[in-house]
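Notes follow the structure.
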Amino acid sequence: MDSRFDIEIKLLLEGVYLTYQHDFRQYAVASLRRRIKQAMVQFDCKTVSQLQSRVLHEPEVFAKMLQYFTVQVSEMFRDPVYFRAIREQVIPVLRTYPSVKIWIAGCSTGEEVWSLAILLAEEGLLDNTLIYATDINVESLKAAETGIYAVDRIADFSTNYLQSGGRRSLSDYYTTGYGGAIFDRDLRKRMVFADHSLATDSVFSEVQFVSCRNVLIYFNPELQERAIGLFADSLVNRGFLGLGSKETLRFTRYAGTFTEFARTEKIYQRALR
């Protein structure tokens, strides 16, 4: 039987869905418990019901709660082997298309978006590519669009970049000022940022590559299936899907819809329809 705490969480999520049309009802419960407890401390609420009252009646509180409902952890060229596999194995296939569309789902604050734009620029594909970057957190999307990151993060970004097969110095792509590193505006021209929920929204059609990394691990099995279905419907035949290092298509009903293209790096290829 559900504990009172879990019952209150269900009521909170139902209230959020009915009030704001954001659907977190199929997110993994264990992860939600931890984050909602943190939010209760932040908003000085002794119970989830008190938190629910504030969230439903104070839109500014809900906006802040999105930071707890969604996990905003990323870095540029995170898991360098993944980006090296894109550069060495996926890019040669993408070059065969006259134009390319890429969807980065759950882009958070944009580190992966800017990383991929740099990689595409180095491989001579950026001018022929549109990168759709989506997330449900509007504040994160705003941060992603700016392409500004704290200078103290740049050393780690640079290490990842070189390990991923970077051809230059990462410093060639940004300028610094006021404690921030501002990435090249020319990279921004090929990016489209949009508010999109994998729980409730529809597909982006005819894309050659979908990257959705470290998002599915926060979904329950039903929502994972829905998201993977969106990706399968969005991709062209032989299009690519990249997942996080702890994510897999095994044991889902879409396992047969994809083949393993780069097994270790978790890159899959859409089978022919």
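A note on labels: chains of the structure tokens are A, B, ... as shown, every chain counts residues from 1, and ligands are counted from 1 in their shown order.
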To test your reading of the structure, identify every residue in region 1-144 of chain A that backbone DSSP assigns to alpha helix (DSSP H), and report it as a ChimeraX atom specification.
/A:4-20,29-42,48-57,59-69,80-85,91-94,111-122,138-144
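Running DSSP on the backbone and keeping only strand (DSSP E), the residues of region 32-112 of chain A that qualify are Val100, Lys101, Ile102, Trp103, Ile104 and Ala105 of chain A.
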Given the selection you just returned, output its residues as a file containing all heavy atoms, formatted as a PDB file, in the first residue's frame.
ATOM      1  N   VAL A 100      20.439  18.015 -43.059  1.00  0.00           N
ATOM      2  CA  VAL A 100      20.336  17.157 -41.874  1.00  0.00           C
ATOM      3  C   VAL A 100      19.522  17.871 -40.796  1.00  0.00           C
ATOM      4  O   VAL A 100      19.673  19.081 -40.585  1.00  0.00           O
ATOM      5  CB  VAL A 100      21.745  16.813 -41.319  1.00  0.00           C
ATOM      6  CG1 VAL A 100      21.640  16.028 -40.019  1.00  0.00           C
ATOM      7  CG2 VAL A 100      22.541  16.029 -42.350  1.00  0.00           C
ATOM      8  N   LYS A 101      18.656  17.112 -40.127  1.00  0.00           N
ATOM      9  CA  LYS A 101      17.944  17.614 -38.966  1.00  0.00           C
ATOM     10  C   LYS A 101      18.289  16.730 -37.767  1.00  0.00           C
ATOM     11  O   LYS A 101      18.250  15.502 -37.858  1.00  0.00           O
ATOM     12  CB  LYS A 101      16.433  17.619 -39.199  1.00  0.00           C
ATOM     13  CG  LYS A 101      15.982  18.651 -40.216  1.00  0.00           C
ATOM     14  CD  LYS A 101      14.481  18.876 -40.186  1.00  0.00           C
ATOM     15  CE  LYS A 101      13.718  17.685 -40.720  1.00  0.00           C
ATOM     16  NZ  LYS A 101      12.265  17.960 -40.830  1.00  0.00           N
ATOM     17  N   ILE A 102      18.642  17.392 -36.665  1.00  0.00           N
ATOM     18  CA  ILE A 102      19.017  16.695 -35.430  1.00  0.00           C
ATOM     19  C   ILE A 102      18.118  17.189 -34.304  1.00  0.00           C
ATOM     20  O   ILE A 102      17.844  18.385 -34.188  1.00  0.00           O
ATOM     21  CB  ILE A 102      20.497  16.962 -35.090  1.00  0.00           C
ATOM     22  CG1 ILE A 102      21.408  16.338 -36.154  1.00  0.00           C
ATOM     23  CG2 ILE A 102      20.851  16.418 -33.700  1.00  0.00           C
ATOM     24  CD1 ILE A 102      22.879  16.672 -35.989  1.00  0.00           C
ATOM     25  N   TRP A 103      17.645  16.262 -33.499  1.00  0.00           N
ATOM     26  CA  TRP A 103      16.798  16.601 -32.358  1.00  0.00           C
ATOM     27  C   TRP A 103      17.528  16.204 -31.077  1.00  0.00           C
ATOM     28  O   TRP A 103      17.837  15.036 -30.873  1.00  0.00           O
ATOM     29  CB  TRP A 103      15.460  15.886 -32.466  1.00  0.00           C
ATOM     30  CG  TRP A 103      14.526  16.090 -31.295  1.00  0.00           C
ATOM     31  CD1 TRP A 103      14.586  17.057 -30.341  1.00  0.00           C
ATOM     32  CD2 TRP A 103      13.383  15.288 -30.981  1.00  0.00           C
ATOM     33  NE1 TRP A 103      13.558  16.915 -29.441  1.00  0.00           N
ATOM     34  CE2 TRP A 103      12.796  15.842 -29.808  1.00  0.00           C
ATOM     35  CE3 TRP A 103      12.796  14.158 -31.572  1.00  0.00           C
ATOM     36  CZ2 TRP A 103      11.662  15.281 -29.217  1.00  0.00           C
ATOM     37  CZ3 TRP A 103      11.664  13.616 -30.979  1.00  0.00           C
ATOM     38  CH2 TRP A 103      11.102  14.183 -29.818  1.00  0.00           C
ATOM     39  N   ILE A 104      17.813  17.187 -30.217  1.00  0.00           N
ATOM     40  CA  ILE A 104      18.380  16.914 -28.896  1.00  0.00           C
ATOM     41  C   ILE A 104      17.247  17.083 -27.888  1.00  0.00           C
ATOM     42  O   ILE A 104      16.802  18.196 -27.608  1.00  0.00           O
ATOM     43  CB  ILE A 104      19.555  17.851 -28.577  1.00  0.00           C
ATOM     44  CG1 ILE A 104      20.656  17.670 -29.617  1.00  0.00           C
ATOM     45  CG2 ILE A 104      20.097  17.574 -27.174  1.00  0.00           C
ATOM     46  CD1 ILE A 104      21.857  18.559 -29.408  1.00  0.00           C
ATOM     47  N   ALA A 105      16.757  15.978 -27.382  1.00  0.00           N
ATOM     48  CA  ALA A 105      15.596  15.966 -26.485  1.00  0.00           C
ATOM     49  C   ALA A 105      16.073  15.992 -25.035  1.00  0.00           C
ATOM     50  O   ALA A 105      16.921  15.187 -24.639  1.00  0.00           O
ATOM     51  CB  ALA A 105      14.751  14.718 -26.742  1.00  0.00           C
TER      52      ALA A 105
END
Please determine, counting only C-alpha atoms, which residue among A:Leu230, A:Ala255, A:Leu13, A:Val151 has the shortest atom-to-atom distance to Leu51 (chain A).
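Distance minimum relative to Leu51 (chain A) lands on A:Leu13.
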Under the rule that only C-alpha atoms are counted, which of A:Phe62, A:Phe219, A:Phe231, A:Tyr27 is the nearest residue to Glu206 (chain A)?
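Under the stated criterion, the closest residue is A:Phe231.
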Quick one: residues within 12 Å of Thr175 (chain A), only C-alpha atoms counted, chain neighbours fewer than 2 positions away excluded, as a ChimeraX atom specification?
/A:147-151,154,170-173,177-185
Hey, what's within 10 Å of region 73-79 of chain A if we count only C-alpha atoms and toss same-chain stuff fewer than 6 positions away? As a PyMOL selection string, please?
chain A and resi 107-116+118-119+149+153-154+156-164+166+213-214+244-245+265
Using only C-alpha atoms, which of A:Lys142, A:Ala30, A:Gln52, A:Ala39 sits nearest Leu11 (chain A)?
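So, comparing all the options, the nearest one is A:Gln52.
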Name all residues at most 7 Å from Ala194 (chain A) (count only C-alpha atoms; drop same-chain ones fewer than 6 positions away) and give them as a PDB file with N, CA, C and O atoms, in the first residue's frame.
ATOM      1  N   ALA A 133      16.598  21.777 -30.293  1.00  0.00           N
ATOM      2  CA  ALA A 133      16.937  21.523 -28.892  1.00  0.00           C
ATOM      3  C   ALA A 133      15.695  21.759 -28.050  1.00  0.00           C
ATOM      4  O   ALA A 133      15.136  22.860 -28.051  1.00  0.00           O
ATOM      5  N   THR A 134      15.248  20.737 -27.328  1.00  0.00           N
ATOM      6  CA  THR A 134      13.990  20.845 -26.590  1.00  0.00           C
ATOM      7  C   THR A 134      14.158  20.468 -25.129  1.00  0.00           C
ATOM      8  O   THR A 134      15.021  19.668 -24.759  1.00  0.00           O
ATOM      9  N   ASP A 135      13.284  21.052 -24.308  1.00  0.00           N
ATOM     10  CA  ASP A 135      13.239  20.735 -22.880  1.00  0.00           C
ATOM     11  C   ASP A 135      11.904  21.251 -22.354  1.00  0.00           C
ATOM     12  O   ASP A 135      11.260  22.100 -22.989  1.00  0.00           O
TER      13      ASP A 135
END
Rounded to one decimal place, report the CA of Gly239 (chain A)-CA of Val207 (chain A) distance in Å.
7.2 Å
note - CA of Ser211 (chain A) and CA of Gly106 (chain A) are separated by 8.8 Å
